[in-house]
Structure formats: C-alpha cells, structure tokens
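Here is the file protein_3.tsv (TSV, C-alpha atoms).
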```tsv
chain	number	residue	atom	x	y	z
Y	1	MET	CA	19.65	-55.71	3.53
Y	2	PRO	CA	19.08	-59.44	4.10
Y	3	GLN	CA	20.33	-60.72	7.40
Y	4	SER	CA	23.68	-62.49	7.28
Y	5	ALA	CA	23.68	-66.26	7.28
Y	6	THR	CA	26.01	-66.02	10.27
Y	7	SER	CA	23.62	-63.81	12.23
Y	8	THR	CA	22.48	-65.28	15.52
Y	9	PRO	CA	19.53	-64.61	17.83
Y	10	GLU	CA	22.03	-63.19	20.33
Y	11	LEU	CA	23.33	-60.61	17.85
Y	12	ARG	CA	19.81	-59.62	16.78
Y	13	GLN	CA	18.83	-59.24	20.42
Y	14	ARG	CA	21.90	-57.11	21.05
Y	15	PHE	CA	20.98	-54.77	18.23
Y	16	LYS	CA	17.45	-54.53	19.61
Y	17	GLU	CA	18.91	-53.36	22.93
Y	18	LEU	CA	20.95	-50.66	21.18
Y	19	LEU	CA	17.89	-49.62	19.17
Y	20	ARG	CA	15.86	-49.16	22.36
Y	21	LYS	CA	18.43	-46.70	23.67
Y	22	VAL	CA	18.12	-44.32	20.73
Y	23	GLY	CA	14.43	-44.85	19.94
Y	24	SER	CA	12.64	-44.79	23.29
Y	25	GLY	CA	11.18	-41.30	23.08
Y	26	GLU	CA	11.98	-37.80	24.23
Y	27	HIS	CA	12.40	-38.55	27.93
Y	28	THR	CA	14.00	-42.00	27.93
Y	29	SER	CA	16.08	-41.98	24.73
Y	30	ARG	CA	19.78	-41.43	25.39
Y	31	GLY	CA	22.99	-41.30	23.50
Y	32	LEU	CA	25.06	-44.37	22.89
Y	33	SER	CA	28.60	-44.61	24.11
Y	34	ARG	CA	31.36	-44.53	21.50
Y	35	GLU	CA	31.75	-48.28	21.80
Y	36	GLU	CA	28.00	-48.89	21.49
Y	37	ALA	CA	27.73	-46.69	18.37
Y	38	ASP	CA	30.63	-48.61	16.82
Y	39	GLU	CA	28.92	-51.88	17.67
Y	40	ALA	CA	25.54	-50.77	16.29
Y	41	LEU	CA	26.93	-49.65	12.93
Y	42	ALA	CA	29.04	-52.79	12.61
Y	43	LEU	CA	25.98	-54.97	13.28
Y	44	MET	CA	24.07	-53.10	10.54
Y	45	LEU	CA	26.88	-53.31	8.00
Y	46	GLN	CA	27.54	-56.98	8.65
Y	47	GLY	CA	23.91	-58.06	8.24
Y	48	HIS	CA	23.00	-58.73	11.86
Y	49	ALA	CA	20.02	-56.35	11.88
Y	50	SER	CA	16.77	-56.60	9.92
Y	51	ASP	CA	15.61	-53.98	7.43
Y	52	THR	CA	12.99	-52.86	9.97
Y	53	GLN	CA	15.59	-52.48	12.69
Y	54	ILE	CA	18.00	-50.57	10.44
Y	55	GLY	CA	15.32	-48.16	9.26
Y	56	ALA	CA	14.11	-47.59	12.82
Y	57	PHE	CA	17.64	-46.98	14.10
Y	58	LEU	CA	18.59	-44.55	11.36
Y	59	ILE	CA	15.47	-42.42	11.56
Y	60	ALA	CA	15.42	-42.40	15.37
Y	61	HIS	CA	19.03	-41.34	15.43
Y	62	ARG	CA	18.35	-38.71	12.77
Y	63	ILE	CA	15.51	-37.19	14.80
Y	64	ARG	CA	17.48	-37.14	18.05
Y	65	ARG	CA	20.72	-36.02	16.31
Y	66	PRO	CA	23.94	-37.97	16.90
Y	67	GLU	CA	26.28	-36.86	19.65
Y	68	PRO	CA	30.05	-36.47	19.15
Y	69	GLN	CA	30.95	-39.76	20.85
Y	70	GLU	CA	28.39	-41.56	18.69
Y	71	LEU	CA	29.84	-40.12	15.49
Y	72	ALA	CA	33.30	-41.07	16.72
Y	73	GLY	CA	32.09	-44.64	17.21
Y	74	MET	CA	30.73	-44.75	13.67
Y	75	VAL	CA	34.02	-43.47	12.29
Y	76	ASP	CA	35.74	-46.19	14.34
Y	77	THR	CA	33.63	-48.73	12.42
Y	78	TYR	CA	34.61	-47.20	9.09
Y	79	ARG	CA	38.27	-47.16	10.08
Y	80	ARG	CA	38.16	-50.83	11.07
Y	81	LEU	CA	35.95	-52.31	8.34
Y	82	GLY	CA	36.64	-49.89	5.49
Y	83	PRO	CA	39.52	-49.57	3.02
Y	84	GLN	CA	42.85	-48.35	4.28
Y	85	LEU	CA	45.34	-46.20	2.40
Y	86	THR	CA	48.80	-45.21	3.61
Y	87	SER	CA	51.52	-42.87	2.40
Y	88	THR	CA	55.14	-43.77	1.79
Y	89	SER	CA	57.84	-42.22	3.94
Y	90	ALA	CA	58.90	-40.11	0.97
Y	91	GLN	CA	55.47	-38.53	0.42
Y	92	PRO	CA	54.34	-35.26	1.98
Y	93	LYS	CA	51.34	-35.70	4.22
Y	94	PRO	CA	48.18	-35.70	2.10
Y	95	VAL	CA	45.14	-33.51	2.34
Y	96	CYS	CA	41.97	-35.59	2.75
Y	97	PHE	CA	38.70	-33.99	1.69
Y	98	GLY	CA	35.46	-34.92	3.46
Y	99	MET	CA	32.30	-33.79	1.67
Y	100	PRO	CA	28.72	-35.05	1.23
Y	101	PHE	CA	28.60	-38.33	-0.64
Y	102	ASP	CA	25.26	-37.41	-2.26
Y	103	GLY	CA	26.98	-34.93	-4.55
Y	104	ARG	CA	26.22	-31.49	-5.97
Y	105	THR	CA	23.17	-30.12	-7.73
Y	106	ARG	CA	23.35	-26.31	-7.54
Y	107	THR	CA	26.95	-25.09	-7.83
Y	108	ALA	CA	29.75	-26.09	-10.21
Y	109	PRO	CA	32.22	-28.38	-8.38
Y	110	LEU	CA	35.81	-27.20	-8.08
Y	111	TYR	CA	37.41	-29.95	-5.99
Y	112	PRO	CA	38.47	-32.25	-8.88
Y	113	LEU	CA	40.30	-29.31	-10.47
Y	114	THR	CA	41.74	-28.19	-7.13
Y	115	ALA	CA	43.01	-31.73	-6.58
Y	116	LEU	CA	44.77	-31.75	-9.95
Y	117	VAL	CA	46.49	-28.43	-9.26
Y	118	LEU	CA	47.55	-29.56	-5.80
Y	119	CYS	CA	48.96	-32.82	-7.17
Y	120	ALA	CA	50.83	-30.86	-9.85
Y	121	ALA	CA	52.40	-28.81	-7.04
Y	122	GLY	CA	53.51	-31.99	-5.25
Y	123	GLN	CA	50.69	-32.06	-2.70
Y	124	PRO	CA	49.01	-35.51	-2.40
Y	125	VAL	CA	45.20	-35.59	-2.26
Y	126	VAL	CA	42.73	-38.22	-1.03
Y	127	LEU	CA	39.08	-37.99	-2.11
Y	128	GLN	CA	36.18	-40.21	-1.10
Y	129	ALA	CA	32.79	-40.56	-2.76
Y	130	GLY	CA	30.10	-42.95	-3.85
Y	131	ALA	CA	27.75	-43.46	-6.76
Y	132	ARG	CA	24.65	-41.29	-7.16
Y	133	MET	CA	22.76	-41.57	-3.92
Y	134	PRO	CA	19.93	-40.05	-1.92
Y	135	VAL	CA	18.92	-37.56	-0.90
Y	136	LYS	CA	20.31	-35.20	-3.54
Y	137	TYR	CA	21.42	-37.67	-6.22
Y	138	GLY	CA	23.96	-35.02	-7.20
Y	139	VAL	CA	26.87	-35.35	-9.59
Y	140	THR	CA	29.69	-37.41	-8.09
Y	141	ALA	CA	33.48	-37.19	-8.02
Y	142	LEU	CA	33.76	-40.30	-10.17
Y	143	GLU	CA	31.54	-38.78	-12.87
Y	144	LEU	CA	33.40	-35.48	-12.86
Y	145	PHE	CA	36.77	-37.16	-13.37
Y	146	GLN	CA	35.23	-39.32	-16.10
Y	147	ASP	CA	34.01	-36.15	-17.82
Y	148	LEU	CA	37.61	-34.90	-17.75
Y	149	GLY	CA	38.73	-38.14	-19.42
Y	150	LEU	CA	39.97	-39.93	-16.29
Y	151	ASP	CA	37.96	-43.04	-15.45
Y	152	LEU	CA	38.72	-44.15	-11.90
Y	153	GLN	CA	35.91	-46.70	-11.66
Y	154	GLY	CA	36.62	-50.37	-11.07
Y	155	LEU	CA	40.17	-49.98	-9.76
Y	156	PRO	CA	41.18	-52.42	-7.03
Y	157	LEU	CA	42.49	-50.79	-3.89
Y	158	ASN	CA	46.10	-51.83	-4.61
Y	159	ALA	CA	45.91	-49.99	-7.96
Y	160	VAL	CA	44.53	-46.91	-6.21
Y	161	ALA	CA	47.41	-47.11	-3.73
Y	162	SER	CA	49.94	-47.41	-6.56
Y	163	GLY	CA	48.49	-44.38	-8.34
Y	164	PHE	CA	48.54	-42.47	-5.07
Y	165	ARG	CA	52.23	-43.27	-4.53
Y	166	HIS	CA	53.28	-42.30	-8.04
Y	167	HIS	CA	50.94	-39.39	-8.85
Y	168	GLY	CA	49.60	-38.23	-5.48
Y	169	LEU	CA	45.87	-38.70	-6.19
Y	170	ALA	CA	43.55	-41.30	-4.70
Y	171	LEU	CA	39.79	-41.61	-5.09
Y	172	ILE	CA	38.21	-44.07	-2.68
Y	173	HIS	CA	35.01	-45.08	-4.48
Y	174	GLN	CA	32.55	-46.64	-2.06
Y	175	PRO	CA	30.94	-49.21	-4.41
Y	176	ASP	CA	34.39	-50.49	-5.38
Y	177	HIS	CA	36.25	-50.22	-2.10
Y	178	PHE	CA	33.68	-50.28	0.71
Y	179	PRO	CA	30.68	-52.37	-0.39
Y	180	LEU	CA	29.66	-52.96	3.23
Y	181	ALA	CA	28.90	-49.25	3.63
Y	182	ASP	CA	27.26	-49.13	0.22
Y	183	SER	CA	24.72	-51.67	1.44
Y	184	LEU	CA	23.00	-48.92	3.47
Y	185	ILE	CA	22.21	-46.76	0.44
Y	186	ARG	CA	18.80	-48.25	-0.21
Y	187	HIS	CA	17.78	-47.46	3.36
Y	188	ARG	CA	18.77	-43.83	2.80
Y	189	ASP	CA	16.51	-43.81	-0.23
Y	190	ASP	CA	13.58	-45.27	1.70
Y	191	LEU	CA	14.00	-42.78	4.55
Y	192	GLY	CA	14.34	-39.75	2.28
Y	193	LYS	CA	16.65	-38.07	4.80
Y	194	ARG	CA	20.39	-38.11	5.37
Y	195	PRO	CA	21.03	-40.56	8.22
Y	196	PRO	CA	23.71	-40.01	10.89
Y	197	VAL	CA	26.17	-42.08	8.90
Y	198	ALA	CA	26.17	-39.23	6.34
Y	199	SER	CA	27.62	-37.00	9.07
Y	200	ALA	CA	30.26	-39.62	9.84
Y	201	GLU	CA	31.27	-39.68	6.16
Y	202	LEU	CA	32.35	-36.05	6.42
Y	203	LEU	CA	34.71	-36.93	9.28
Y	204	TRP	CA	36.21	-40.18	8.01
Y	205	THR	CA	39.16	-40.71	5.74
Y	206	ALA	CA	40.52	-44.00	4.46
Y	207	HIS	CA	44.02	-42.60	4.85
Y	208	HIS	CA	45.82	-43.92	7.92
Y	209	GLY	CA	48.73	-41.90	9.21
Y	210	ASP	CA	49.64	-38.22	9.27
Y	211	HIS	CA	47.35	-36.03	7.13
Y	212	LEU	CA	45.36	-32.82	6.97
Y	213	LEU	CA	41.65	-33.58	7.15
Y	214	VAL	CA	39.32	-30.99	5.61
Y	215	SER	CA	35.63	-31.36	6.46
Y	216	GLY	CA	32.80	-29.39	4.88
Y	217	PHE	CA	29.77	-28.16	6.79
Y	218	VAL	CA	26.64	-26.04	6.31
Y	219	HIS	CA	25.35	-25.08	9.77
Y	220	PRO	CA	27.42	-23.83	12.76
Y	221	PRO	CA	26.17	-26.59	15.14
Y	222	THR	CA	27.48	-29.15	12.65
Y	223	GLU	CA	30.91	-27.53	12.74
Y	224	SER	CA	31.19	-27.47	16.53
Y	225	ARG	CA	30.05	-31.10	16.68
Y	226	ALA	CA	32.71	-31.96	14.09
Y	227	TRP	CA	35.41	-30.34	16.23
Y	228	GLU	CA	34.38	-32.42	19.25
Y	229	THR	CA	34.17	-35.63	17.24
Y	230	LEU	CA	37.49	-35.19	15.49
Y	231	SER	CA	39.15	-34.37	18.80
Y	232	LEU	CA	37.83	-37.65	20.22
Y	233	LEU	CA	39.16	-39.45	17.15
Y	234	GLY	CA	42.64	-38.05	17.71
Y	235	GLU	CA	42.83	-36.16	14.42
Y	236	GLU	CA	45.88	-33.91	14.74
Y	237	ASP	CA	45.31	-31.44	11.89
Y	238	VAL	CA	41.80	-30.44	10.86
Y	239	ILE	CA	40.22	-27.66	8.82
Y	240	THR	CA	36.47	-27.12	8.74
Y	241	VAL	CA	35.00	-25.23	5.79
Y	242	LYS	CA	31.58	-23.66	5.26
Y	243	GLY	CA	31.80	-24.64	1.63
Y	244	LEU	CA	29.50	-24.71	-1.36
Y	245	GLU	CA	26.62	-27.11	-0.62
Y	246	GLY	CA	28.48	-28.37	2.43
Y	247	SER	CA	31.52	-29.35	0.39
Y	248	THR	CA	35.13	-28.28	0.83
Y	249	ASP	CA	34.91	-25.90	-2.14
Y	250	LEU	CA	35.56	-22.34	-0.96
Y	251	PRO	CA	33.09	-19.77	-2.33
Y	252	ILE	CA	34.25	-16.60	-4.06
Y	253	SER	CA	30.94	-14.74	-3.73
Y	254	ARG	CA	31.33	-14.14	0.00
Y	255	ALA	CA	33.78	-14.35	2.86
Y	256	CYS	CA	34.97	-17.90	3.53
Y	257	ILE	CA	34.30	-19.18	7.04
Y	258	THR	CA	36.95	-21.72	8.01
Y	259	ALA	CA	38.67	-22.89	11.17
Y	260	ARG	CA	41.77	-24.90	11.97
Y	261	MET	CA	42.25	-27.29	14.86
Y	262	ARG	CA	45.69	-28.73	15.58
Y	263	HIS	CA	47.04	-31.05	18.24
Y	264	ALA	CA	43.72	-31.17	20.13
Y	265	LYS	CA	43.87	-27.44	20.84
Y	266	PRO	CA	40.71	-25.29	20.44
Y	267	ALA	CA	39.80	-24.47	16.86
Y	268	GLU	CA	41.08	-21.16	15.54
Y	269	ARG	CA	38.64	-19.26	13.33
Y	270	MET	CA	39.93	-18.07	9.94
Y	271	ILE	CA	37.82	-15.73	7.80
Y	272	LEU	CA	39.22	-15.44	4.28
Y	273	HIS	CA	38.14	-12.69	1.88
Y	274	PRO	CA	38.43	-13.46	-1.84
Y	275	ARG	CA	37.73	-9.78	-2.59
Y	276	ASP	CA	41.04	-8.85	-0.95
Y	277	HIS	CA	42.94	-11.07	-3.38
Y	278	GLY	CA	41.29	-10.33	-6.69
Y	279	CYS	CA	39.18	-13.49	-6.73
Y	280	PHE	CA	35.74	-12.09	-5.90
Y	281	GLY	CA	32.88	-13.03	-8.21
Y	282	PRO	CA	29.79	-15.20	-8.59
Y	283	ASP	CA	29.86	-18.87	-7.67
Y	284	GLN	CA	29.11	-20.61	-10.94
Y	285	GLU	CA	25.89	-22.57	-11.14
Y	286	TRP	CA	25.80	-26.23	-12.08
Y	287	THR	CA	24.21	-26.36	-15.54
Y	288	GLY	CA	25.13	-29.90	-16.53
Y	289	LYS	CA	28.13	-32.04	-17.36
Y	290	GLU	CA	28.75	-30.75	-20.86
Y	291	ALA	CA	29.05	-27.12	-19.78
Y	292	TRP	CA	31.09	-28.05	-16.71
Y	293	THR	CA	33.56	-30.13	-18.71
Y	294	GLU	CA	34.24	-27.26	-21.10
Y	295	GLN	CA	34.62	-24.79	-18.24
Y	296	ALA	CA	36.85	-27.19	-16.27
Y	297	HIS	CA	39.35	-27.71	-19.09
Y	298	ALA	CA	39.48	-23.96	-19.63
Y	299	ALA	CA	40.00	-23.31	-15.91
Y	300	LEU	CA	42.98	-25.69	-15.81
Y	301	ARG	CA	44.57	-23.33	-18.34
Y	302	GLY	CA	43.62	-20.22	-16.36
Y	303	ALA	CA	40.65	-19.20	-18.50
Y	304	GLY	CA	36.86	-19.21	-18.41
Y	305	PRO	CA	34.26	-18.65	-15.70
Y	306	LEU	CA	35.76	-21.15	-13.21
Y	307	ALA	CA	39.33	-19.79	-13.37
Y	308	ALA	CA	39.03	-17.27	-10.52
Y	309	ALA	CA	37.37	-19.80	-8.23
Y	310	LEU	CA	40.01	-22.42	-9.06
Y	311	ARG	CA	42.82	-19.96	-8.38
Y	312	TRP	CA	41.24	-19.09	-5.03
Y	313	ASN	CA	40.68	-22.70	-3.97
Y	314	ALA	CA	44.06	-23.97	-5.14
Y	315	GLY	CA	45.86	-21.02	-3.58
Y	316	CYS	CA	44.12	-21.38	-0.23
Y	317	TYR	CA	44.77	-25.11	-0.05
Y	318	LEU	CA	48.41	-24.74	-1.07
Y	319	TRP	CA	48.72	-22.44	1.93
Y	320	PHE	CA	46.69	-24.70	4.25
Y	321	CYS	CA	48.88	-27.68	3.29
Y	322	GLY	CA	52.11	-25.79	3.88
Y	323	VAL	CA	53.27	-25.93	0.27
Y	324	SER	CA	53.21	-22.12	0.29
Y	325	ALA	CA	54.27	-19.97	3.23
Y	326	SER	CA	51.35	-17.54	3.00
Y	327	LEU	CA	47.98	-17.12	1.33
Y	328	SER	CA	49.44	-14.60	-1.10
Y	329	ALA	CA	52.24	-17.01	-2.00
Y	330	GLY	CA	49.71	-19.80	-2.45
Y	331	LEU	CA	47.63	-17.71	-4.82
Y	332	GLU	CA	50.73	-16.75	-6.78
Y	333	ARG	CA	51.77	-20.42	-7.03
Y	334	ALA	CA	48.26	-21.35	-8.14
Y	335	GLU	CA	48.29	-18.66	-10.81
Y	336	GLN	CA	51.62	-19.92	-12.14
Y	337	CYS	CA	50.25	-23.45	-12.23
Y	338	LEU	CA	47.20	-22.35	-14.20
Y	339	GLN	CA	49.17	-20.24	-16.66
Y	340	LYS	CA	51.51	-23.17	-17.33
Y	341	ALA	CA	48.56	-25.62	-17.46
Y	342	GLU	CA	50.28	-27.83	-14.89
Y	343	GLY	CA	46.95	-29.19	-13.68
Y	344	GLN	CA	46.07	-30.20	-17.23
Y	345	THR	CA	49.46	-31.88	-17.58
Y	346	MET	CA	48.81	-33.80	-14.35
Y	347	LEU	CA	45.43	-34.87	-15.69
Y	348	GLU	CA	47.03	-36.19	-18.86
Y	349	SER	CA	49.62	-38.11	-16.82
Y	350	LEU	CA	46.84	-39.70	-14.76
Y	351	ILE	CA	44.91	-40.64	-17.91
Y	352	ARG	CA	48.00	-42.39	-19.28
Y	353	TRP	CA	48.52	-44.19	-15.97
Y	354	ARG	CA	44.89	-45.32	-15.91
Y	355	SER	CA	45.16	-46.63	-19.45
Y	356	ALA	CA	48.29	-48.61	-18.51
Y	357	VAL	CA	46.60	-50.10	-15.43
Y	358	GLY	CA	43.71	-51.41	-17.52
Y	359	GLY	CA	40.79	-53.29	-16.05
```
Go ahead and express the file in the form of structure tokens.
Amino acid sequence: MPQSATSTPELRQRFKELLRKVGSGEHTSRGLSREEADEALALMLQGHASDTQIGAFLIAHRIRRPEPQELAGMVDTYRRLGPQLTSTSAQPKPVCFGMPFDGRTRTAPLYPLTALVLCAAGQPVVLQAGARMPVKYGVTALELFQDLGLDLQGLPLNAVASGFRHHGLALIHQPDHFPLADSLIRHRDDLGKRPPVASAELLWTAHHGDHLLVSGFVHPPTESRAWETLSLLGEEDVITVKGLEGSTDLPISRACITARMRHAKPAERMILHPRDHGCFGPDQEWTGKEAWTEQAHAALRGAGPLAAALRWNAGCYLWFCGVSASLSAGLERAEQCLQKAEGQTMLESLIRWRSAVGG
C-alpha cells in the first residue's frame, strides 16, 4: 500500500518503534499494549507504514501469535475506523456472526440459509465478509447470496441499514463498506499466511449496541484467547463455536462444541448432540456453486441433503437467540419454518427490496 500523502517522518518512526517490539526475536520481542496494537493497525490502514514495514509486522506478529490485549486493540481500530450499524429500539437484539473472511472450500455453507430462517422468525442477523481472499480463496457470503438470487454487492451503508431495519438482514461487505481494511489483502496474499488481523475479524462486528456475538474457531487455544479478548472488549453476550472450517456453521456429523459467555462471567461449555435430536448425518461437501444453489433452495423448503443440517443450525440459533425457550422448541420452530418455506419467502422479499433499491 503506498504511503499516505499526509504521512510524516514522525509517524513512520513511530511505526518503526512498534515494529521493533513485536519483531525483535525470541528473547526481546514482547506484546504490545492494547493502545499500541490499536495505534499500529491504524497506522497501517491509514498509509503511514511502508509495504516492507507492514509485511514485517504482520509476519512477525503471526509467528509470535497475538495476545488478547493486542487483538482487543485491533478490534478497537475496526470499531473506530470501520462501518457502524445500529438497531432501532423496536428491533430484537441481532445475532452477529464472526467467521473467516477467506471463505469455504471443503464443506457446504449453511449460514446464508440459517440467516434467512432466523430473519423469517423475526431474529435480526448481521453478517460480515469480503471478496475472495487469501489464503483459502474460498466461496464468500456475497457470492452465495448472489447464487440464491440476492445481489448485495454495491449497496451503500445507509441502504444496508435500511434493509436491516425493515427485513432484519445486513451483510457488511468489506470492499464496499470498509476499504481501509481491504487495503491489507494484497499483503495477506504475499505472506501466504493468515495475519493476526484475520483473528480480529472473527471477534469484530460492525453492529454497535446490544447483540449476541457468535465467533467460530478451530483450535482450543484460539477459543480461550477469544474469550479473553471479548471480555476485554466488553462484549456482554458471546457464543464460541467449533464450526465447519472455523465458521459458525454447526456440524451434524459429530457433537458440537460450543460455549457461552455472558456479562463477563466465565464461559460455560455447551456440548450439543445432533444425534439426540434426529439431525445426525454427514456434513455435505462443497462441490461447487451450481450444486449448492440447487441444494440450498431445496433445504429452504425442508428437502434435500442440506435440510437436516439447516434444521439443526436454525433450531440451535433460535434457541441461542432466545426466540425459542429450549433447543427442542427451536428445532420444532425451525422445522415449521422449513415446511412452510418461510426462509424462501424471506429470500423473495429481500430480492424484491434489493430490486427496488437499485444501484
């Protein structure tokens, strides 16, 4: 990223000082404070660091692994410089899904369908994603909704907010709504590894105000670090999910490892068993957009190979969000929604809204 025309020698020198702290070697490298991590990421996003400095910082931080206060500082940067979305007083608190921005390559995504079912049940949903990006270059949320007939690309943030108020669904698309953060993508490509900012993406939501934040993870150390970070950030209601490919999609081929953390209290482990609720089966493989689109439309009507997984995910999240009083009630509500094709009806309403918005 070219340095900003407003960059000064003082700002470049300041970034160099921060770089020394994370890149000095095994014995002298140390973690940044929350404020320093915020400052470092802001300097990178705003063009006050050279390409060499940015690459060195990201890979040094990747090797050493970011600490909770550092991730909290990065999320502070995103909260301050990124897009902001709020709910109206009449809306229920939304569920905000945090999952890897580099998409999916192995398993069929469920979250767009889960979001439609939740919205049909009156539960607002906030999703965040980018364009195809390293390291996986997997299929993105934007593409999946486009395959369903809903094109959410190119919407200004005020249009996204309007759609969120009226229909309960918001997709924050990084190239459209947070170009500063998108400027780091080429560095991720050059490094060939997920940088620490990819961990921060799982913990950040553009929604300001009361919400349920769901964050996907793969490895147990990542989960415990997320708990610490989100506690520092003051998140009041959090669920962590060992989901498919690190996403928030709950598997049906095995027990689901989740945990809930509320009001800064220690996280409470929740192990959910799809076998106990008639949802056990294989997690469908990703075989391409054409096959997924056909399966997705069928699932929204309660049929096809994704139906059981959609029922499980929608039912669990209806319970997590408090729409249903129990997991069994959530699964029953999800089944009713699928049998009545309420998710498909919501999709059609969103398509009509998008057509009316234009652009």
Exercise. Report the distance between atom CA of Y:Leu144 and atom CA of Y:Ala299 in Å, rounded to one decimal place.
Key: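 Between atom CA of Y:Leu144 and atom CA of Y:Ala299 the gap works out to 14.2 Å.
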Quiz item: In Å, how far is it from atom CA of Y:Ala131 to atom CA of Y:His173?
Solution: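 Pair atom CA of Y:Ala131 / atom CA of Y:His173 returns 7.8 Å.
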Please provide the set of residues having any atom within 7 Å of Y:Cys279, restricted to all atoms listed in the file, with same-chain residues fewer than 4 positions apart removed, written as an mmCIF file with C-alpha atoms, keeping the file's coordinate frame.
```
data_model
loop_
_atom_site.group_PDB
_atom_site.id
_atom_site.type_symbol
_atom_site.label_atom_id
_atom_site.label_comp_id
_atom_site.auth_asym_id
_atom_site.auth_seq_id
_atom_site.Cartn_x
_atom_site.Cartn_y
_atom_site.Cartn_z
ATOM 1 C CA ILE Y 252 34.250 -16.600 -4.060
ATOM 2 C CA PRO Y 274 38.430 -13.460 -1.840
ATOM 3 C CA ARG Y 275 37.730 -9.780 -2.590
ATOM 4 C CA ALA Y 308 39.030 -17.270 -10.520
ATOM 5 C CA ALA Y 309 37.370 -19.800 -8.230
ATOM 6 C CA TRP Y 312 41.240 -19.090 -5.030
#
```
Exercise. Do a neighbour search on Y:Tyr111 at 10 Å with all atoms listed in the file, toss out local chain neighbours closer than 4 positions, and write the hits as a list in words.
Key: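 After dropping sequence-adjacent residues, the list is Phe97, Met99, Ala115, Leu116, Val117, Leu127, Ala141, Leu144, Ser247, Thr248, Asp249, Leu250, Leu310, Asn313 and Ala314 of chain Y.
With atom CA of Y:Gly122 on one side and atom CA of Y:Trp319 on the other, the separation reads 12.9 Å.
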Taking (28.1, -23.7, 4.5) in the coordinates of the supplied file, I want to know which residues reach to within 6 Å of it, counting all atoms listed in the file; could you give the answer as a PDB file with C-alpha atoms, in the coordinates of the input?
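Written file, selection_24.pdb:
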```
ATOM      1  CA  PHE Y 217      29.770 -28.160   6.790  1.00  0.00           C
ATOM      2  CA  VAL Y 218      26.640 -26.040   6.310  1.00  0.00           C
ATOM      3  CA  LYS Y 242      31.580 -23.660   5.260  1.00  0.00           C
ATOM      4  CA  GLY Y 243      31.800 -24.640   1.630  1.00  0.00           C
ATOM      5  CA  GLY Y 246      28.480 -28.370   2.430  1.00  0.00           C
TER       6      GLY Y 246
END
```
Report as a Markdown table: every residue of stretch 78-112 of chain Y with an atom at most 7 Å from stretch 194-211 of chain Y, its closest pair of atoms, and their distance in Å to one decimal, counting all atoms listed in the file, with rows sorted by chain and ascending residue number.
```
| residue | atom | partner | partner_atom | distance |
| --- | --- | --- | --- | --- |
| Y:Arg79 | CA | Y:Ala206 | CA | 6.8 |
| Y:Pro83 | CA | Y:Ala206 | CA | 5.8 |
| Y:Gln84 | CA | Y:Ala206 | CA | 4.9 |
| Y:Leu85 | CA | Y:His207 | CA | 4.6 |
| Y:Thr86 | CA | Y:His208 | CA | 5.4 |
| Y:Lys93 | CA | Y:His211 | CA | 4.9 |
| Y:Pro94 | CA | Y:His211 | CA | 5.1 |
| Y:Val95 | CA | Y:His211 | CA | 5.8 |
| Y:Cys96 | CA | Y:Thr205 | CA | 6.6 |
| Y:Gly98 | CA | Y:Leu202 | CA | 4.4 |
| Y:Met99 | CA | Y:Leu202 | CA | 5.3 |
| Y:Pro100 | CA | Y:Leu202 | CA | 6.4 |
```
Per residue of stretch 42-140 of chain Y within 6 Å of stretch 281-292 of chain Y, which atom pair is closest and at what distance in Å (one decimal), using only C-alpha atoms, listed by chain and increasing number, as CSV?
```
residue,atom,partner,partner_atom,distance
Y:Arg106,CA,Y:Trp286,CA,5.2
Y:Thr107,CA,Y:Glu285,CA,4.3
Y:Ala108,CA,Y:Trp286,CA,4.4
```
Practice problem: Find, counting only C-alpha atoms, the residue in Y:Leu171, Y:Thr293, Y:Leu244, Y:Asp38 that gets nearest to Y:Val75. | Solution: Y:Asp38
Quiz prompt | Pick from Y:Phe15, Y:Thr114, Y:Glu70, Y:Glu39, whichever lies nearest to Y:Thr52 using all atoms listed in the file | solution = Y:Phe15
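Of the residues under consideration (Y:Thr229, Y:Ser89, Y:Gln146, Y:Thr345), Y:Thr229 shows the shortest atom-to-atom contact distance to Y:Gly73 when counting only C-alpha atoms.
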As JSON, please: the centre and edge lengths in Å, to one decimal, of an axis-aligned box enclosing every listed atom of stretch 320-333 of chain Y with 4 Å added on each side.
```
{"center_x": 50.5, "center_y": -21.1, "center_z": -1.4, "size_x": 15.6, "size_y": 21.1, "size_z": 19.3}
```
